[in-house]
Every structure is written in C-alpha cells, then in structure tokens.
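Structure first, then comments.
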Amino acid sequence: MNAPKVFPDGFLWGSATAAYQVEGAAWEDGRGACIWDTYARTPGMVHEGHNGDVACDHYHRYAEDVALMEKLNLGAYRFSVSMARVMPDGRTINQAGLDFYRRLTDELLARDVVPWLTLYHWDLPQALEEVGGWPSRDTAYRFTEYAGAVHDALGDRIRFWTTLNEPWCSAFLGYAEGRHAPGVTDPVAGVRAAHHLMLAHGMAMHELRSRDADLSLGITLNFADVTPADADDPGDQDAARRIDGLSNRYFLDPLFRGHYSPDIVEDLASVWPQDLVVDGDLELISTPMDVLGVNYYSGNTVRGVPADEAPAAADRARAQGGPTPNVGSEHVEFVPQDVPHTAMGWEVRPQGLTDLLVRLQRDYSGPAGTELYVTENGAAYDDQPDADGFVQDDERLDYVRTHLGAVHDAIEAGAQVKGYFLWSLLDNFEWAYGYDKRFGIVRVDYDTLARVPKASARWFATVAGSNRVE
Ligand code: GBH
C-alpha cells in the first residue's frame, strides 16, 4: 500500500462551475443575451440544439447547492459572474443581476465556503459582440467598467478574484476555429481577440488593485502538456515548440515577462496586425499577480508534417486551410497515444500536471511570487446511474486520485500549489457538447433537476475533510 499523500496545512479544496453552464434563468431579472445564447440557437453548433436556458437552475437552487458543498467538506467554490446579468447591454448596470451574486456570496460565507470569483467565463453580452466583440479594443474598456461594477457590489466580501477563464479558448476556439461562440472562423480575429482579452485582464487588474491592495488577483489559463512524437526529430521538436507556444507561452510570457514570445510572433507574422499592440499595453498586462489559476485536463503528442506528406485524416481539414485553433501551425499533426481516454476523447496524462506545475513555478510564477491554484481538473465519463440515480463512477474517481497524486508530487518538487478545484461540482452544459457530456461529481437529472452525489463526490469529501489522499 502506498503512503497517504498529505497536503500542506490550509490547502484549499473546492469545486468549480461557470455561469452559463449551470445558472439557467437565462431571461430573468433583466439578464441580457450573451454570445452563447446566440450560438446555441444557431443550427448545428451545439449537440442536439441544447442551450443554457435552464441548465442546472443554479440561479434558483444556489442555496441547495451551497448546502451540498458544505456536506461534501468543500472549503471553496469557484464560480463565474455573467457579464450579461450585470451589464445586459454591455454598458448599463443591472442591479438585479448583481443582487444574485450577493445572495450567492452571502450563502457561501454563511457556510464557511470561500468564494472564488471569475469575472469572465466566455459569456460576452451579445450587444458587445455586435459592436466588434473581443477583436475590438473597445471591449477591453467595457470589461474594465464591468470589473469595477462587480467590485462595487462584492469587493467587501470576496478576496479571490480572477479576471478571465482560459483566454485561449475565448480567442482561438471562439474567433479562429469557430467551435465556440461567437463561431467566427478568422485567424486574424483570433489573434486580435487574444490580445484584447489580455489587455482586458491587465486593465481590470489595474482597476481592482488600485481600489484594494489586499485582494488576491490573477487569471486562469488552460494548459496543455505537449510532447514531440519523436524527441530527436527536429520537425517534431518544432511542432512541439509551436503548440506549446500557442497554447501556453502565448499568455504566460506577456503576463509574467511583459512581452510576447518572439518565436510565436514570427510564426504568426502573416496574421499579426501591425497596429495590434499599443504602447503601454504590455505594462498593464504584466501587472504582478497574486494567484495563477491552472486548468489542466490533458495533453498532446505532436508531429511536424513534412510539406510533401499528406497529414493524418483528423488533421486534413486543418492542413487544407480549414479552421484550426492553432493559427499559423497548420502543419502540426496530433498523434493519438495508446493511453486511457475520457469520454471527451482526451488522453489521461497525470504526469503532465506535475511537469506543468513544476515548470510554472520554475519559469514563471517563482520570480513573481505568484501562488498556483489548480482551478480546474476533472473528467467526463459515460455515467451509468442505478435505479436511485446513484453513479459508481470509478473512472472519474481514479482520474481525480491520480491527478491529485500529480499535484502532490509537484508540491514535493517545490511548486507553491495552494489549492485544487475539481471541475465540476455538477453535471452541466458542456458547451458544444450540450448536456451530452457529464463532468460532475454530483449527478444532475435534467428532467427533475435533482442532484445525487456520485461515488467520486463521497470520496472527494473524505479527501477534502482529511487533507490527504489515501
Ligand atoms: C474547460 O475548458 C472550461 O473552462 C470549462 O468550462 C469546461 O466545461 C471544461 O474545461 C471541460 O471541457 O483535444 O486532447 O487536445 C477546457 C479547455 C481546451 C481542454 C482544449 C481540452 C483539448 C484537449 N480545453 N483541450 S485535446
């Protein structure tokens, strides 16, 4: 038997959700339309035309959900604020929208669950998309006003604030590949969106920091563990450099070093607008952060495709100029590995999480003194509920167990990891997959909206309660 892995005192155990994925009540209390409302209503974009109108009805059932968190020993809850509730038209403040997050926060505090707020998890007000969306610089200014409005309402009761969730997804899935809202397929729009998201982050950091020096501020990024198919092959090494650059360094370098990585800018030369970066932008973007949120699910093994060779079927569309999120790197092939996969088809690679956290500590967060939090990690599996709705989800439990082992290894190797949020508390609206993919440790019956904790939830409650993984 392995020795129990004991986590540092004060380690924060939590679960995560996002507004559009769980709240429902999409048209209540003055909420405006967001880009996901529109995208989900566009035929062919989301699995079976699902949308977030009802979702988990968290908007009405938040008290029940917070009680459940307490029962599961969860010390923190990472949620996002819907910008379209707070500024339905992208400009005017809607007090009723803010009131919901006050009620939620007060309920969390009453039950000793630390609120961890994300300002933006992909649900831009449709009104702002119509005047240019993230490819437009103005959106960063609207976002900063929004950050101030949320701070006015919640600044006295929330310590942890992250600006954006996964700007890579917003920019490149949303505006380059079009697999996410708003469904644009233009590489230049993707590059513009990425910069303006970073600028929005920097301006909001500046705004919040100048209001209150005691807040713990930062951003959440998604990371991929990238490995060359053949470590000795220069073409594969270059493919790995490109994908690591586009997925990881694209955001880390400006945030922590105040510049974009020169090799990425060079790879993107044909789609990088000359007037994109304005003097002063990078200073704002590199405002020192207290926390870095790390979302980790999987990784990729990549191969450089020689120009005279046809790429594998999965990458053919991309190589022939079809939309890809990996702007400027159309000649990279993703090589599936013979390892377990989740229901998303993502490879299970726990070692990648250890390597990532150690690297972030060594190359980025260390010098800045930024603390690392795993803000998302978890897995979708094909759950089979019994007659009572109970799910014996051994695969998910195992996924979380091995990834917590990976976090523990990283801490032992010196990474300053201060907490772990499991994605997700509830089964919820899984973006383009609708309700077809379930990430929850609590099952949601979408007919009755009843919540039933799965085996993984019971197990995770023991971990959170004892601060150790047996
Ligand atoms: C997160 O994004 C989101 O923050 C959350 O809202 C969402 O529900 C959750 O994950 C689950 O999807 O094709 O093997 O290369 C995840 C971002 C980026 C993770 C792309 C997987 C591709 C894996 N994803 N990545 S692979």
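By order in the structure tokens, chains are A, B, ...; within a chain, residues start at 1; ligands start at 1, following the order shown.
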DSSP on the backbone: what in segment 111-197 of chain A comes out alpha helix (DSSP H), as a PyMOL selection string? chain A and resi 126-130+138-154+167-168+187-197
When the cut-off is 9 Å and you count only C-alpha atoms and all ligand atoms, which residues lie near ligand 1, shown as a PyMOL selection string? chain A and resi 16-18+20-21+121-122+165-166+168-169+173+220-224+247+295-301+334+336+344-347+375-380+423-424+428-431+437+439
Those residues you just picked out, can you put them in a file as a PDB file, in the first residue's frame with C-alpha atoms?
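Output saved as part_24.pdb:
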ATOM      1  CA  ALA A  16     -15.785  24.901  -9.874  1.00  0.00           C
ATOM      2  CA  THR A  17     -18.631  25.862 -12.196  1.00  0.00           C
ATOM      3  CA  ALA A  18     -19.326  28.664 -14.677  1.00  0.00           C
ATOM      4  CA  TYR A  20     -23.624  29.889 -18.484  1.00  0.00           C
ATOM      5  CA  GLN A  21     -23.049  26.212 -17.730  1.00  0.00           C
ATOM      6  CA  HIS A 121     -16.106  32.603 -18.383  1.00  0.00           C
ATOM      7  CA  TRP A 122     -16.902  33.042 -22.094  1.00  0.00           C
ATOM      8  CA  ASN A 165     -11.109  31.906 -17.634  1.00  0.00           C
ATOM      9  CA  GLU A 166      -8.958  30.457 -20.416  1.00  0.00           C
ATOM     10  CA  TRP A 168      -7.026  30.791 -25.312  1.00  0.00           C
ATOM     11  CA  CYS A 169     -10.476  29.233 -25.667  1.00  0.00           C
ATOM     12  CA  LEU A 173     -11.965  28.408 -30.278  1.00  0.00           C
ATOM     13  CA  THR A 220      -6.932  31.343 -15.034  1.00  0.00           C
ATOM     14  CA  LEU A 221      -5.269  29.791 -18.081  1.00  0.00           C
ATOM     15  CA  ASN A 222      -5.755  26.426 -19.752  1.00  0.00           C
ATOM     16  CA  PHE A 223      -2.583  24.489 -20.315  1.00  0.00           C
ATOM     17  CA  ALA A 224      -1.656  21.575 -22.483  1.00  0.00           C
ATOM     18  CA  SER A 247      -1.269  27.145 -26.044  1.00  0.00           C
ATOM     19  CA  ASN A 295      -6.702  24.444 -15.648  1.00  0.00           C
ATOM     20  CA  TYR A 296      -5.377  21.081 -16.701  1.00  0.00           C
ATOM     21  CA  TYR A 297      -7.101  18.173 -18.389  1.00  0.00           C
ATOM     22  CA  SER A 298      -4.867  16.544 -20.930  1.00  0.00           C
ATOM     23  CA  GLY A 299      -2.039  16.865 -23.368  1.00  0.00           C
ATOM     24  CA  ASN A 300      -0.967  16.191 -26.892  1.00  0.00           C
ATOM     25  CA  THR A 301       1.780  14.405 -28.722  1.00  0.00           C
ATOM     26  CA  PHE A 334      -1.763  15.477 -33.284  1.00  0.00           C
ATOM     27  CA  PRO A 336      -3.080   9.811 -30.583  1.00  0.00           C
ATOM     28  CA  MET A 344     -14.199  13.629 -24.411  1.00  0.00           C
ATOM     29  CA  GLY A 345     -11.536  11.586 -26.195  1.00  0.00           C
ATOM     30  CA  TRP A 346      -8.858  13.394 -24.153  1.00  0.00           C
ATOM     31  CA  GLU A 347      -5.809  11.419 -23.083  1.00  0.00           C
ATOM     32  CA  THR A 375      -8.657  25.975 -10.750  1.00  0.00           C
ATOM     33  CA  GLU A 376      -9.961  23.112 -12.915  1.00  0.00           C
ATOM     34  CA  ASN A 377      -9.217  19.436 -13.251  1.00  0.00           C
ATOM     35  CA  GLY A 378     -11.658  16.609 -13.772  1.00  0.00           C
ATOM     36  CA  ALA A 379     -13.136  14.306 -16.368  1.00  0.00           C
ATOM     37  CA  ALA A 380     -16.224  13.345 -18.336  1.00  0.00           C
ATOM     38  CA  TRP A 423     -14.335  20.515 -12.388  1.00  0.00           C
ATOM     39  CA  SER A 424     -17.150  20.195 -11.782  1.00  0.00           C
ATOM     40  CA  ASN A 428     -23.710  20.859 -16.604  1.00  0.00           C
ATOM     41  CA  PHE A 429     -23.894  22.425 -20.065  1.00  0.00           C
ATOM     42  CA  GLU A 430     -20.670  21.253 -21.678  1.00  0.00           C
ATOM     43  CA  TRP A 431     -20.501  23.934 -24.387  1.00  0.00           C
ATOM     44  CA  LYS A 437     -21.009  15.081 -21.558  1.00  0.00           C
ATOM     45  CA  PHE A 439     -18.147  16.242 -15.684  1.00  0.00           C
TER      46      PHE A 439
END
If I take atom CA of Glu309 of chain A and atom CA of Val339 of chain A, how far is one from the other in Å, to one decimal?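 Interatomic distance, atom CA of Glu309 of chain A to atom CA of Val339 of chain A: 26.3 Å.
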Name all residues at most 12 Å from Leu284 of chain A (count only C-alpha atoms; drop same-chain ones fewer than 6 positions away) and give them as a count of residues only. 23
Contacts of Gln95 of chain A at 12 Å (only C-alpha atoms; same-chain gap of 2+ positions) as a PDB file with all heavy atoms, in the first residue's frame:
ATOM      1  N   ASP A  29     -34.733  38.593 -14.415  1.00  0.00           N
ATOM      2  CA  ASP A  29     -34.156  39.716 -13.673  1.00  0.00           C
ATOM      3  C   ASP A  29     -33.283  40.607 -14.545  1.00  0.00           C
ATOM      4  O   ASP A  29     -32.238  41.099 -14.110  1.00  0.00           O
ATOM      5  CB  ASP A  29     -33.353  39.207 -12.460  1.00  0.00           C
ATOM      6  CG  ASP A  29     -34.242  38.500 -11.439  1.00  0.00           C
ATOM      7  OD1 ASP A  29     -35.455  38.781 -11.428  1.00  0.00           O
ATOM      8  OD2 ASP A  29     -33.732  37.670 -10.667  1.00  0.00           O
ATOM      9  N   GLY A  30     -33.685  40.748 -15.779  1.00  0.00           N
ATOM     10  CA  GLY A  30     -33.030  41.718 -16.651  1.00  0.00           C
ATOM     11  C   GLY A  30     -31.764  41.251 -17.332  1.00  0.00           C
ATOM     12  O   GLY A  30     -31.072  42.054 -17.974  1.00  0.00           O
ATOM     13  N   ARG A  31     -31.444  39.958 -17.234  1.00  0.00           N
ATOM     14  CA  ARG A  31     -30.236  39.484 -17.920  1.00  0.00           C
ATOM     15  C   ARG A  31     -30.371  39.708 -19.418  1.00  0.00           C
ATOM     16  O   ARG A  31     -31.416  39.473 -20.023  1.00  0.00           O
ATOM     17  CB  ARG A  31     -30.009  37.997 -17.643  1.00  0.00           C
ATOM     18  CG  ARG A  31     -28.823  37.371 -18.402  1.00  0.00           C
ATOM     19  CD  ARG A  31     -28.811  35.889 -18.082  1.00  0.00           C
ATOM     20  NE  ARG A  31     -27.886  35.042 -18.817  1.00  0.00           N
ATOM     21  CZ  ARG A  31     -28.006  34.637 -20.069  1.00  0.00           C
ATOM     22  NH1 ARG A  31     -28.975  35.112 -20.840  1.00  0.00           N
ATOM     23  NH2 ARG A  31     -27.143  33.788 -20.589  1.00  0.00           N
ATOM     24  N   ALA A  84     -23.549  39.453 -18.787  1.00  0.00           N
ATOM     25  CA  ALA A  84     -24.840  39.855 -19.362  1.00  0.00           C
ATOM     26  C   ALA A  84     -25.922  40.045 -18.303  1.00  0.00           C
ATOM     27  O   ALA A  84     -26.972  40.633 -18.576  1.00  0.00           O
ATOM     28  CB  ALA A  84     -25.293  38.836 -20.403  1.00  0.00           C
ATOM     29  N   ARG A  85     -25.698  39.516 -17.093  1.00  0.00           N
ATOM     30  CA  ARG A  85     -26.628  39.841 -15.996  1.00  0.00           C
ATOM     31  C   ARG A  85     -26.315  41.224 -15.433  1.00  0.00           C
ATOM     32  O   ARG A  85     -27.206  41.972 -15.058  1.00  0.00           O
ATOM     33  CB  ARG A  85     -26.489  38.836 -14.835  1.00  0.00           C
ATOM     34  CG  ARG A  85     -27.137  37.522 -15.078  1.00  0.00           C
ATOM     35  CD  ARG A  85     -27.311  36.718 -13.799  1.00  0.00           C
ATOM     36  NE  ARG A  85     -27.539  35.323 -14.135  1.00  0.00           N
ATOM     37  CZ  ARG A  85     -28.690  34.844 -14.578  1.00  0.00           C
ATOM     38  NH1 ARG A  85     -29.733  35.642 -14.735  1.00  0.00           N
ATOM     39  NH2 ARG A  85     -28.799  33.568 -14.890  1.00  0.00           N
ATOM     40  N   VAL A  86     -25.020  41.515 -15.347  1.00  0.00           N
ATOM     41  CA  VAL A  86     -24.584  42.751 -14.690  1.00  0.00           C
ATOM     42  C   VAL A  86     -24.675  43.943 -15.641  1.00  0.00           C
ATOM     43  O   VAL A  86     -25.029  45.047 -15.240  1.00  0.00           O
ATOM     44  CB  VAL A  86     -23.151  42.569 -14.151  1.00  0.00           C
ATOM     45  CG1 VAL A  86     -22.594  43.865 -13.592  1.00  0.00           C
ATOM     46  CG2 VAL A  86     -23.127  41.472 -13.077  1.00  0.00           C
ATOM     47  N   MET A  87     -24.346  43.720 -16.908  1.00  0.00           N
ATOM     48  CA  MET A  87     -24.447  44.775 -17.921  1.00  0.00           C
ATOM     49  C   MET A  87     -25.136  44.193 -19.158  1.00  0.00           C
ATOM     50  O   MET A  87     -24.470  43.808 -20.124  1.00  0.00           O
ATOM     51  CB  MET A  87     -23.056  45.287 -18.285  1.00  0.00           C
ATOM     52  CG  MET A  87     -22.414  46.116 -17.183  1.00  0.00           C
ATOM     53  SD  MET A  87     -20.843  46.803 -17.766  1.00  0.00           S
ATOM     54  CE  MET A  87     -20.540  48.037 -16.530  1.00  0.00           C
ATOM     55  N   PRO A  88     -26.451  44.119 -19.112  1.00  0.00           N
ATOM     56  CA  PRO A  88     -27.210  43.442 -20.182  1.00  0.00           C
ATOM     57  C   PRO A  88     -26.909  43.983 -21.573  1.00  0.00           C
ATOM     58  O   PRO A  88     -26.891  43.225 -22.537  1.00  0.00           O
ATOM     59  CB  PRO A  88     -28.662  43.695 -19.795  1.00  0.00           C
ATOM     60  CG  PRO A  88     -28.638  43.957 -18.317  1.00  0.00           C
ATOM     61  CD  PRO A  88     -27.322  44.607 -18.028  1.00  0.00           C
ATOM     62  N   THR A  92     -24.796  49.382 -19.316  1.00  0.00           N
ATOM     63  CA  THR A  92     -25.631  49.877 -18.212  1.00  0.00           C
ATOM     64  C   THR A  92     -25.727  48.826 -17.111  1.00  0.00           C
ATOM     65  O   THR A  92     -25.983  47.651 -17.379  1.00  0.00           O
ATOM     66  CB  THR A  92     -27.062  50.174 -18.729  1.00  0.00           C
ATOM     67  OG1 THR A  92     -26.954  50.733 -20.044  1.00  0.00           O
ATOM     68  CG2 THR A  92     -27.787  51.119 -17.817  1.00  0.00           C
ATOM     69  N   ILE A  93     -25.541  49.264 -15.865  1.00  0.00           N
ATOM     70  CA  ILE A  93     -25.542  48.317 -14.745  1.00  0.00           C
ATOM     71  C   ILE A  93     -26.961  47.881 -14.396  1.00  0.00           C
ATOM     72  O   ILE A  93     -27.872  48.702 -14.299  1.00  0.00           O
ATOM     73  CB  ILE A  93     -24.864  48.952 -13.512  1.00  0.00           C
ATOM     74  CG1 ILE A  93     -23.376  49.186 -13.822  1.00  0.00           C
ATOM     75  CG2 ILE A  93     -25.023  48.046 -12.288  1.00  0.00           C
ATOM     76  CD1 ILE A  93     -22.658  49.973 -12.771  1.00  0.00           C
ATOM     77  N   GLY A  97     -29.071  41.885 -11.363  1.00  0.00           N
ATOM     78  CA  GLY A  97     -28.060  40.885 -11.712  1.00  0.00           C
ATOM     79  C   GLY A  97     -26.998  40.791 -10.630  1.00  0.00           C
ATOM     80  O   GLY A  97     -26.604  39.696 -10.208  1.00  0.00           O
ATOM     81  N   LEU A  98     -26.542  41.928 -10.165  1.00  0.00           N
ATOM     82  CA  LEU A  98     -25.538  41.931  -9.092  1.00  0.00           C
ATOM     83  C   LEU A  98     -26.102  41.300  -7.817  1.00  0.00           C
ATOM     84  O   LEU A  98     -25.388  40.605  -7.090  1.00  0.00           O
ATOM     85  CB  LEU A  98     -25.075  43.360  -8.812  1.00  0.00           C
ATOM     86  CG  LEU A  98     -24.160  43.958  -9.881  1.00  0.00           C
ATOM     87  CD1 LEU A  98     -24.036  45.471  -9.686  1.00  0.00           C
ATOM     88  CD2 LEU A  98     -22.781  43.306  -9.858  1.00  0.00           C
ATOM     89  N   ASP A  99     -27.390  41.534  -7.570  1.00  0.00           N
ATOM     90  CA  ASP A  99     -28.001  41.023  -6.337  1.00  0.00           C
ATOM     91  C   ASP A  99     -27.897  39.497  -6.239  1.00  0.00           C
ATOM     92  O   ASP A  99     -27.730  38.952  -5.152  1.00  0.00           O
ATOM     93  CB  ASP A  99     -29.470  41.449  -6.242  1.00  0.00           C
ATOM     94  CG  ASP A  99     -29.606  42.939  -5.949  1.00  0.00           C
ATOM     95  OD1 ASP A  99     -28.597  43.562  -5.559  1.00  0.00           O
ATOM     96  OD2 ASP A  99     -30.721  43.480  -6.132  1.00  0.00           O
ATOM     97  N   PHE A 100     -28.014  38.816  -7.378  1.00  0.00           N
ATOM     98  CA  PHE A 100     -27.896  37.354  -7.329  1.00  0.00           C
ATOM     99  C   PHE A 100     -26.538  36.940  -6.768  1.00  0.00           C
ATOM    100  O   PHE A 100     -26.448  36.047  -5.927  1.00  0.00           O
ATOM    101  CB  PHE A 100     -28.099  36.722  -8.714  1.00  0.00           C
ATOM    102  CG  PHE A 100     -27.657  35.271  -8.741  1.00  0.00           C
ATOM    103  CD1 PHE A 100     -28.336  34.313  -7.986  1.00  0.00           C
ATOM    104  CD2 PHE A 100     -26.540  34.870  -9.473  1.00  0.00           C
ATOM    105  CE1 PHE A 100     -27.916  32.981  -7.968  1.00  0.00           C
ATOM    106  CE2 PHE A 100     -26.122  33.534  -9.454  1.00  0.00           C
ATOM    107  CZ  PHE A 100     -26.803  32.585  -8.704  1.00  0.00           C
ATOM    108  N   TYR A 101     -25.466  37.606  -7.218  1.00  0.00           N
ATOM    109  CA  TYR A 101     -24.125  37.206  -6.764  1.00  0.00           C
ATOM    110  C   TYR A 101     -23.895  37.602  -5.296  1.00  0.00           C
ATOM    111  O   TYR A 101     -23.116  36.958  -4.605  1.00  0.00           O
ATOM    112  CB  TYR A 101     -23.069  37.769  -7.725  1.00  0.00           C
ATOM    113  CG  TYR A 101     -23.273  37.183  -9.101  1.00  0.00           C
ATOM    114  CD1 TYR A 101     -23.875  37.923 -10.115  1.00  0.00           C
ATOM    115  CD2 TYR A 101     -22.962  35.857  -9.350  1.00  0.00           C
ATOM    116  CE1 TYR A 101     -24.134  37.366 -11.360  1.00  0.00           C
ATOM    117  CE2 TYR A 101     -23.220  35.280 -10.595  1.00  0.00           C
ATOM    118  CZ  TYR A 101     -23.807  36.045 -11.592  1.00  0.00           C
ATOM    119  OH  TYR A 101     -24.073  35.472 -12.811  1.00  0.00           O
ATOM    120  N   ARG A 102     -24.638  38.630  -4.835  1.00  0.00           N
ATOM    121  CA  ARG A 102     -24.610  38.953  -3.401  1.00  0.00           C
ATOM    122  C   ARG A 102     -25.247  37.832  -2.601  1.00  0.00           C
ATOM    123  O   ARG A 102     -24.714  37.388  -1.580  1.00  0.00           O
ATOM    124  CB  ARG A 102     -25.378  40.259  -3.143  1.00  0.00           C
ATOM    125  CG  ARG A 102     -24.665  41.497  -3.598  1.00  0.00           C
ATOM    126  CD  ARG A 102     -23.790  42.045  -2.505  1.00  0.00           C
ATOM    127  NE  ARG A 102     -24.551  42.851  -1.549  1.00  0.00           N
ATOM    128  CZ  ARG A 102     -24.517  44.191  -1.524  1.00  0.00           C
ATOM    129  NH1 ARG A 102     -23.793  44.851  -2.393  1.00  0.00           N
ATOM    130  NH2 ARG A 102     -25.209  44.846  -0.622  1.00  0.00           N
ATOM    131  N   ALA A 149     -17.835  47.513 -11.552  1.00  0.00           N
ATOM    132  CA  ALA A 149     -19.219  47.374 -11.055  1.00  0.00           C
ATOM    133  C   ALA A 149     -19.342  46.145 -10.157  1.00  0.00           C
ATOM    134  O   ALA A 149     -20.006  46.179  -9.117  1.00  0.00           O
ATOM    135  CB  ALA A 149     -20.185  47.266 -12.237  1.00  0.00           C
ATOM    136  N   VAL A 150     -18.699  45.052 -10.535  1.00  0.00           N
ATOM    137  CA  VAL A 150     -18.767  43.841  -9.711  1.00  0.00           C
ATOM    138  C   VAL A 150     -18.023  44.084  -8.402  1.00  0.00           C
ATOM    139  O   VAL A 150     -18.477  43.681  -7.327  1.00  0.00           O
ATOM    140  CB  VAL A 150     -18.211  42.612 -10.468  1.00  0.00           C
ATOM    141  CG1 VAL A 150     -18.284  41.360  -9.592  1.00  0.00           C
ATOM    142  CG2 VAL A 150     -18.971  42.383 -11.768  1.00  0.00           C
ATOM    143  N   ASP A 152     -17.705  46.950  -6.883  1.00  0.00           N
ATOM    144  CA  ASP A 152     -18.563  47.805  -6.036  1.00  0.00           C
ATOM    145  C   ASP A 152     -19.533  46.949  -5.221  1.00  0.00           C
ATOM    146  O   ASP A 152     -19.813  47.242  -4.060  1.00  0.00           O
ATOM    147  CB  ASP A 152     -19.406  48.764  -6.907  1.00  0.00           C
ATOM    148  CG  ASP A 152     -18.574  49.933  -7.431  1.00  0.00           C
ATOM    149  OD1 ASP A 152     -17.516  50.217  -6.848  1.00  0.00           O
ATOM    150  OD2 ASP A 152     -19.008  50.539  -8.424  1.00  0.00           O
ATOM    151  N   ALA A 153     -20.042  45.890  -5.854  1.00  0.00           N
ATOM    152  CA  ALA A 153     -21.063  45.069  -5.187  1.00  0.00           C
ATOM    153  C   ALA A 153     -20.462  44.030  -4.243  1.00  0.00           C
ATOM    154  O   ALA A 153     -21.080  43.673  -3.243  1.00  0.00           O
ATOM    155  CB  ALA A 153     -21.925  44.372  -6.241  1.00  0.00           C
TER     156      ALA A 153
END
Go through A:Val407, A:Leu128, A:Leu246, A:Leu282 one by one, measure the shortest atom-to-atom distance of each to Val191 of chain A using only C-alpha atoms, and give the residue with the smallest value.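 Nearest candidate to Val191 of chain A out of A:Val407, A:Leu128, A:Leu246, A:Leu282: A:Leu246.
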Selection: 9 Å around Ala76 of chain A, only C-alpha atoms, excl. self and same-chain fewer than 5 positions, as a PDB file with C-alpha atoms, in the first residue's frame:
ATOM      1  CA  LEU A  12      -7.922  24.931  -0.329  1.00  0.00           C
ATOM      2  CA  TRP A  13     -10.272  22.184  -1.542  1.00  0.00           C
ATOM      3  CA  GLY A  14     -13.061  23.283  -3.798  1.00  0.00           C
ATOM      4  CA  SER A  15     -15.185  22.708  -6.842  1.00  0.00           C
ATOM      5  CA  ALA A  16     -15.785  24.901  -9.874  1.00  0.00           C
ATOM      6  CA  MET A  69     -20.822  21.873  -0.844  1.00  0.00           C
ATOM      7  CA  LEU A 108     -21.211  30.731   0.794  1.00  0.00           C
ATOM      8  CA  ASP A 112     -17.757  28.844   5.522  1.00  0.00           C
ATOM      9  CA  VAL A 113     -17.151  28.204   1.850  1.00  0.00           C
ATOM     10  CA  VAL A 114     -14.564  30.610   0.412  1.00  0.00           C
ATOM     11  CA  PRO A 115     -15.941  32.365  -2.683  1.00  0.00           C
ATOM     12  CA  TRP A 116     -13.526  32.440  -5.632  1.00  0.00           C
ATOM     13  CA  PHE A 421     -10.821  22.964  -7.586  1.00  0.00           C
TER      14      PHE A 421
END
Which of segment 97-313 of chain A DSSP labels strand (DSSP E or B), written as a ChimeraX atom specification: /A:114-120,125,160-165,216-228,291-304
Quick one: contact table of segment 123-202 of chain A to segment 41-45 of chain A, 9 Å max, nearest atom pair and distance in Å to one decimal per residue, counting only C-alpha atoms, chain and number order, as a Markdown table?
| residue | atom | partner | partner_atom | distance |
| --- | --- | --- | --- | --- |
| A:Arg179 | CA | A:Met45 | CA | 7.5 |
| A:His180 | CA | A:Met45 | CA | 8.2 |
| A:Ala181 | CA | A:Met45 | CA | 8.9 |
| A:Gly183 | CA | A:Met45 | CA | 8.3 |
Of the candidates A:Leu154, A:Ala410, A:Leu119, A:Ala194, which shows the shortest atom-to-atom distance to Arg103 of chain A, using only C-alpha atoms?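 So, comparing all the options, the nearest one is A:Leu154.
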Write out as a VMD selection string which residues come within 10 Å of Pro453 of chain A when counting only C-alpha atoms, dropping same-chain ones fewer than 3 positions away. chain A and resid 68 72 389 to 392 425 to 426 440 to 444 456 to 458
Export, as a PDB file, in the first residue's frame, the selected residues with C-alpha atoms.
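Done, and the output landed in selection-v2.pdb:
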ATOM      1  CA  LEU A  68     -24.316  20.366  -0.695  1.00  0.00           C
ATOM      2  CA  LEU A  72     -19.087  17.480   0.878  1.00  0.00           C
ATOM      3  CA  GLY A 389     -29.736   7.806  -9.711  1.00  0.00           C
ATOM      4  CA  PHE A 390     -26.537   6.793  -7.937  1.00  0.00           C
ATOM      5  CA  VAL A 391     -23.412   6.601 -10.106  1.00  0.00           C
ATOM      6  CA  GLN A 392     -20.476   4.406  -9.155  1.00  0.00           C
ATOM      7  CA  LEU A 425     -19.490  20.224  -8.818  1.00  0.00           C
ATOM      8  CA  LEU A 426     -22.444  19.410 -11.074  1.00  0.00           C
ATOM      9  CA  GLY A 440     -19.950  16.462 -12.325  1.00  0.00           C
ATOM     10  CA  ILE A 441     -19.134  14.682  -9.093  1.00  0.00           C
ATOM     11  CA  VAL A 442     -22.830  15.267  -8.468  1.00  0.00           C
ATOM     12  CA  ARG A 443     -25.299  13.859 -10.974  1.00  0.00           C
ATOM     13  CA  VAL A 444     -27.982  16.176 -12.286  1.00  0.00           C
ATOM     14  CA  SER A 456     -16.414  10.365  -6.653  1.00  0.00           C
ATOM     15  CA  ALA A 457     -18.143  13.053  -4.561  1.00  0.00           C
ATOM     16  CA  ARG A 458     -18.197  10.847  -1.462  1.00  0.00           C
TER      17      ARG A 458
END
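Minimum distance to Leu292 of chain A across A:Leu397, A:Ala455, A:Leu268, A:Leu252 (counting only C-alpha atoms) occurs at A:Leu252.
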Could you tell me how far atom CA of Thr139 of chain A lies from atom CA of Arg91 of chain A, in Å and to one decimal? 10.4 Å
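Minimum atom-to-atom distances from A:Asp230, A:Glu23, A:Asp398, A:Asp236 to Leu449 of chain A were compared using only C-alpha atoms, and the lowest value belongs to A:Glu23.
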